[in-house]
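S.K.: Can you keep this structure in mind? I'll have questions shortly.
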Amino acid sequence: MRRIKLIVAYDGTNYCGWQVQPNGITVQEVLNQALSDLFTKKTACIGASRTDAGVHASLMVAHFDYEGEPLDVDKVAEKLNRLLPQDISVYKVCRVKPDAHARFDATARTYKYYITTVKFPFNRQYRYRIHNPLDFQKMNEAALTLFHYSDFTSFSKLHTDVKTNICKIMHAEWTQEDEYT
C-alpha cells in the first residue's frame, strides 16, 4: 500500500463544499470519481480540512492510498487534470510515508476573506461586495480578541474523530489592498 499526497486548487462556486455529503456535489466527490476512473477501482481521498459551499481553495492538501504498480506521480497529476472539470486542479502529486495523514498531520491552515467596495467584473466571484466604507482600525481591534482564545469547540462539529479543538491563532488581520487586483 502506498500513500499519495495531492495538492489541489479549486473554485468552489459550483460545489457544496469540499467534503462528500448527500445534499449536492462536492469537490471531494468529483476528485474521488476522477481517481476511481484513473485507477479503474474505487479510490477515495481525504482532505486536510472542510470548506463550506461556494468556498475556494488555492492549496488544499489531500491523500489517498494506492495498491498496484509504482506510479509516475508527474503523469498522475496530468491525467487527473484531464479527467477533472476546469474548476478543480491537481498541481502536485507525491509519495508520502504510509502513515502520513492530510488532516491530522496539518500543522497550520490559512483562511483569507476578501471584501470589496468596488464593482469590478474580474473579481466578483472571489470577493463579497459591500457598499459602505470599512473601519480597519476597529476591525483589527476585534481581530485581536481571537488571540485570547484557544478552545474553538463552539465552532466545531461534535462527536467526530478530532482529538482536540484547541487551536493557536498565529495571525488575524484586516488589510486594505488595491481594489483592482
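How things are named: the first chain in the C-alpha cells is A, the next is B, and so on; residues count from 1 in each chain; ligands count from 1 in the order shown.
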Based on DSSP run over this structure's backbone, return all residues of region 46-173 of chain A in strand (DSSP E), as JSON, numbers by chain.

M.R.: {"A": [46, 47, 57, 58, 59, 60, 61, 62, 63, 64, 65, 66, 88, 89, 90, 91, 92, 93, 94, 95, 96, 115, 116, 128, 129]}

S.K.: Excluding region 144-160 of chain A and any residue of its chain fewer than 6 positions from it, enumerate the residues within 8 Å of it, using only C-alpha atoms, and give them as a list in words.

M.R.: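 Surrounding residues, per the criterion: Ile166, Cys167, Lys168, Ile169 and Ala172 of chain A.
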
S.K.: Those same residues - N, CA and C atoms - I'd like them written as a JSON list (two decimals), in the first residue's frame.

M.R.:
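Output saved as selection_15.json:
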[["chain", "number", "residue", "atom", "x", "y", "z"],
["A", 166, "ILE", "N", -8.48, 22.54, 20.40],
["A", 166, "ILE", "CA", -7.57, 23.60, 20.84],
["A", 166, "ILE", "C", -6.74, 24.03, 19.64],
["A", 167, "CYS", "N", -6.78, 25.31, 19.33],
["A", 167, "CYS", "CA", -6.05, 25.87, 18.19],
["A", 167, "CYS", "C", -5.29, 27.10, 18.64],
["A", 168, "LYS", "N", -4.19, 27.36, 18.00],
["A", 168, "LYS", "CA", -3.43, 28.57, 18.27],
["A", 168, "LYS", "C", -3.54, 29.47, 17.06],
["A", 169, "ILE", "N", -4.14, 30.63, 17.25],
["A", 169, "ILE", "CA", -4.25, 31.61, 16.18],
["A", 169, "ILE", "C", -2.88, 32.27, 16.05],
["A", 172, "ALA", "N", -4.15, 37.22, 12.66],
["A", 172, "ALA", "CA", -5.51, 37.65, 12.34],
["A", 172, "ALA", "C", -5.45, 39.15, 12.07]]

S.K.: Measure the distance from CA of Ala100 (chain A) to CA of Arg82 (chain A) in Å and round it to one decimal.

M.R.: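 Rounded to one decimal, the two atoms are 26.6 Å apart.
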
S.K.: May I have a table of the residues of region 84-109 of chain A lying at most 12 Å from region 12-20 of chain A, giving each one's closest pair of atoms and their distance in Å to one decimal, counting only C-alpha atoms, ordered by chain and ascending residue number, as CSV?

M.R.:
residue,atom,partner,partner_atom,distance
A:Pro85,CA,A:Asn14,CA,10.8
A:Gln86,CA,A:Asn14,CA,11.2
A:Asp87,CA,A:Gly12,CA,7.6
A:Ile88,CA,A:Gly12,CA,8.5
A:Ser89,CA,A:Gly12,CA,11.6

S.K.: How far is it from CA of Ala77 (chain A) to CA of Pro98 (chain A), in Å with one decimal?

M.R.: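 Between these atoms lies a distance of 19.6 Å.
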
S.K.: Quick check, in Å to one decimal: how far apart do CA of Asn140 (chain A) and CA of Thr110 (chain A) lie?

M.R.: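 The value is 17.2 Å.
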
S.K.: Pick out the residues sitting within 12 Å of Asp72 (chain A), and hand them over as a PyMOL selection string; count only C-alpha atoms, and ignore anything fewer than 4 positions along from it in its own chain.

M.R.: chain A and resi 4+68+76-79+92-95

S.K.: Determine, counting only C-alpha atoms, which protein, DNA and RNA residues have an atom within 6 Å of an atom of region 55-62 of chain A; residues of the same chain fewer than 5 positions away are not included. Present the result as a list in words.

M.R.: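 Within the cut-off, the hits are Lys5, Leu6, Ile7, Val8, Ala9, Tyr10, Asp11, Gly12, Ile46, Gly47, Ala48 and Ala102 of chain A.
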
S.K.: Just list the residues in chain A DSSP gives alpha helix (DSSP H) on the backbone, as number ranges by chain.

M.R.: A: 27-39, 73-83, 136-144

S.K.: Those same residues, written as a compact mmCIF listing (two decimals), in the first residue's frame with N, CA and C atoms?

M.R.:
# COMPACT_ATOMS: atom_id res chain seq x y z
N VAL A 27 -16.39 18.91 -4.03
CA VAL A 27 -15.06 18.80 -4.65
C VAL A 27 -14.48 17.41 -4.38
N GLN A 28 -14.56 16.94 -3.15
CA GLN A 28 -14.02 15.62 -2.81
C GLN A 28 -14.69 14.53 -3.65
N GLU A 29 -15.99 14.63 -3.84
CA GLU A 29 -16.72 13.64 -4.62
C GLU A 29 -16.23 13.61 -6.07
N VAL A 30 -16.03 14.78 -6.66
CA VAL A 30 -15.54 14.86 -8.05
C VAL A 30 -14.12 14.31 -8.14
N LEU A 31 -13.29 14.66 -7.16
CA LEU A 31 -11.91 14.16 -7.15
C LEU A 31 -11.88 12.65 -6.95
N ASN A 32 -12.71 12.13 -6.05
CA ASN A 32 -12.80 10.68 -5.84
C ASN A 32 -13.19 9.97 -7.14
N GLN A 33 -14.14 10.54 -7.87
CA GLN A 33 -14.57 9.93 -9.12
C GLN A 33 -13.44 9.92 -10.14
N ALA A 34 -12.69 11.02 -10.22
CA ALA A 34 -11.55 11.08 -11.16
C ALA A 34 -10.48 10.06 -10.77
N LEU A 35 -10.20 9.93 -9.48
CA LEU A 35 -9.23 8.92 -9.02
C LEU A 35 -9.72 7.52 -9.35
N SER A 36 -10.98 7.27 -9.09
CA SER A 36 -11.57 5.95 -9.38
C SER A 36 -11.53 5.63 -10.87
N ASP A 37 -11.82 6.61 -11.69
CA ASP A 37 -11.75 6.41 -13.14
C ASP A 37 -10.32 6.15 -13.58
N LEU A 38 -9.38 6.91 -13.05
CA LEU A 38 -7.97 6.76 -13.43
C LEU A 38 -7.44 5.37 -13.07
N PHE A 39 -7.76 4.90 -11.87
CA PHE A 39 -7.22 3.63 -11.39
C PHE A 39 -8.16 2.44 -11.64
N VAL A 73 4.27 9.83 -10.57
CA VAL A 73 3.42 10.86 -9.96
C VAL A 73 3.21 12.07 -10.86
N ASP A 74 4.19 12.39 -11.71
CA ASP A 74 4.01 13.51 -12.63
C ASP A 74 2.89 13.21 -13.63
N LYS A 75 2.83 11.99 -14.09
CA LYS A 75 1.78 11.62 -15.04
C LYS A 75 0.42 11.52 -14.36
N VAL A 76 0.40 11.16 -13.08
CA VAL A 76 -0.87 11.09 -12.35
C VAL A 76 -1.51 12.47 -12.30
N ALA A 77 -0.74 13.51 -11.99
CA ALA A 77 -1.28 14.87 -11.95
C ALA A 77 -1.83 15.26 -13.32
N GLU A 78 -1.09 14.98 -14.36
CA GLU A 78 -1.51 15.33 -15.71
C GLU A 78 -2.80 14.59 -16.09
N LYS A 79 -2.85 13.30 -15.80
CA LYS A 79 -4.04 12.51 -16.15
C LYS A 79 -5.26 12.93 -15.32
N LEU A 80 -5.05 13.20 -14.04
CA LEU A 80 -6.18 13.66 -13.21
C LEU A 80 -6.73 14.97 -13.74
N ASN A 81 -5.84 15.88 -14.12
CA ASN A 81 -6.30 17.18 -14.62
C ASN A 81 -7.08 17.05 -15.92
N ARG A 82 -6.82 16.03 -16.70
CA ARG A 82 -7.61 15.79 -17.91
C ARG A 82 -9.01 15.29 -17.54
N LEU A 83 -9.11 14.55 -16.44
CA LEU A 83 -10.40 14.00 -16.01
C LEU A 83 -11.24 14.99 -15.22
N PHE A 136 -11.01 49.84 9.37
CA PHE A 136 -9.99 48.81 9.55
C PHE A 136 -9.41 48.81 10.96
N GLN A 137 -9.32 49.97 11.58
CA GLN A 137 -8.80 50.03 12.95
C GLN A 137 -9.71 49.24 13.90
N LYS A 138 -11.01 49.47 13.84
CA LYS A 138 -11.93 48.74 14.71
C LYS A 138 -11.97 47.25 14.37
N MET A 139 -11.90 46.93 13.08
CA MET A 139 -11.91 45.52 12.68
C MET A 139 -10.66 44.80 13.20
N ASN A 140 -9.53 45.47 13.19
CA ASN A 140 -8.31 44.85 13.71
C ASN A 140 -8.32 44.76 15.23
N GLU A 141 -8.95 45.72 15.89
CA GLU A 141 -9.12 45.62 17.35
C GLU A 141 -9.97 44.38 17.68
N ALA A 142 -11.03 44.17 16.91
CA ALA A 142 -11.87 42.99 17.13
C ALA A 142 -11.10 41.70 16.83
N ALA A 143 -10.28 41.71 15.79
CA ALA A 143 -9.50 40.52 15.43
C ALA A 143 -8.53 40.14 16.54
N LEU A 144 -8.03 41.12 17.29
CA LEU A 144 -7.11 40.83 18.39
C LEU A 144 -7.74 39.97 19.48

S.K.: Closest to Thr117 (chain A) among A:Lys163, A:His101, A:Arg129, A:His171, using only C-alpha atoms?

M.R.: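 Of all the options, A:Arg129 lies closest to Thr117 (chain A).
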
S.K.: Which is closest to Thr107 (chain A) among A:Thr51, A:Cys45, A:Met170, A:Leu84, if we use only C-alpha atoms?

M.R.: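 Among the listed residues, A:Met170 lies closest to Thr107 (chain A).
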
S.K.: Identify, on the basis of only C-alpha atoms, every residue whose closest approach to Tyr66 (chain A) does not exceed 8 Å; exclude the query and any residue fewer than 6 positions from it along the same chain; express the result as a list in words.

M.R.: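 Neighbouring residues, sequence-local ones excluded: Met1, Arg2, Arg3, Ile4 and Thr43 of chain A.
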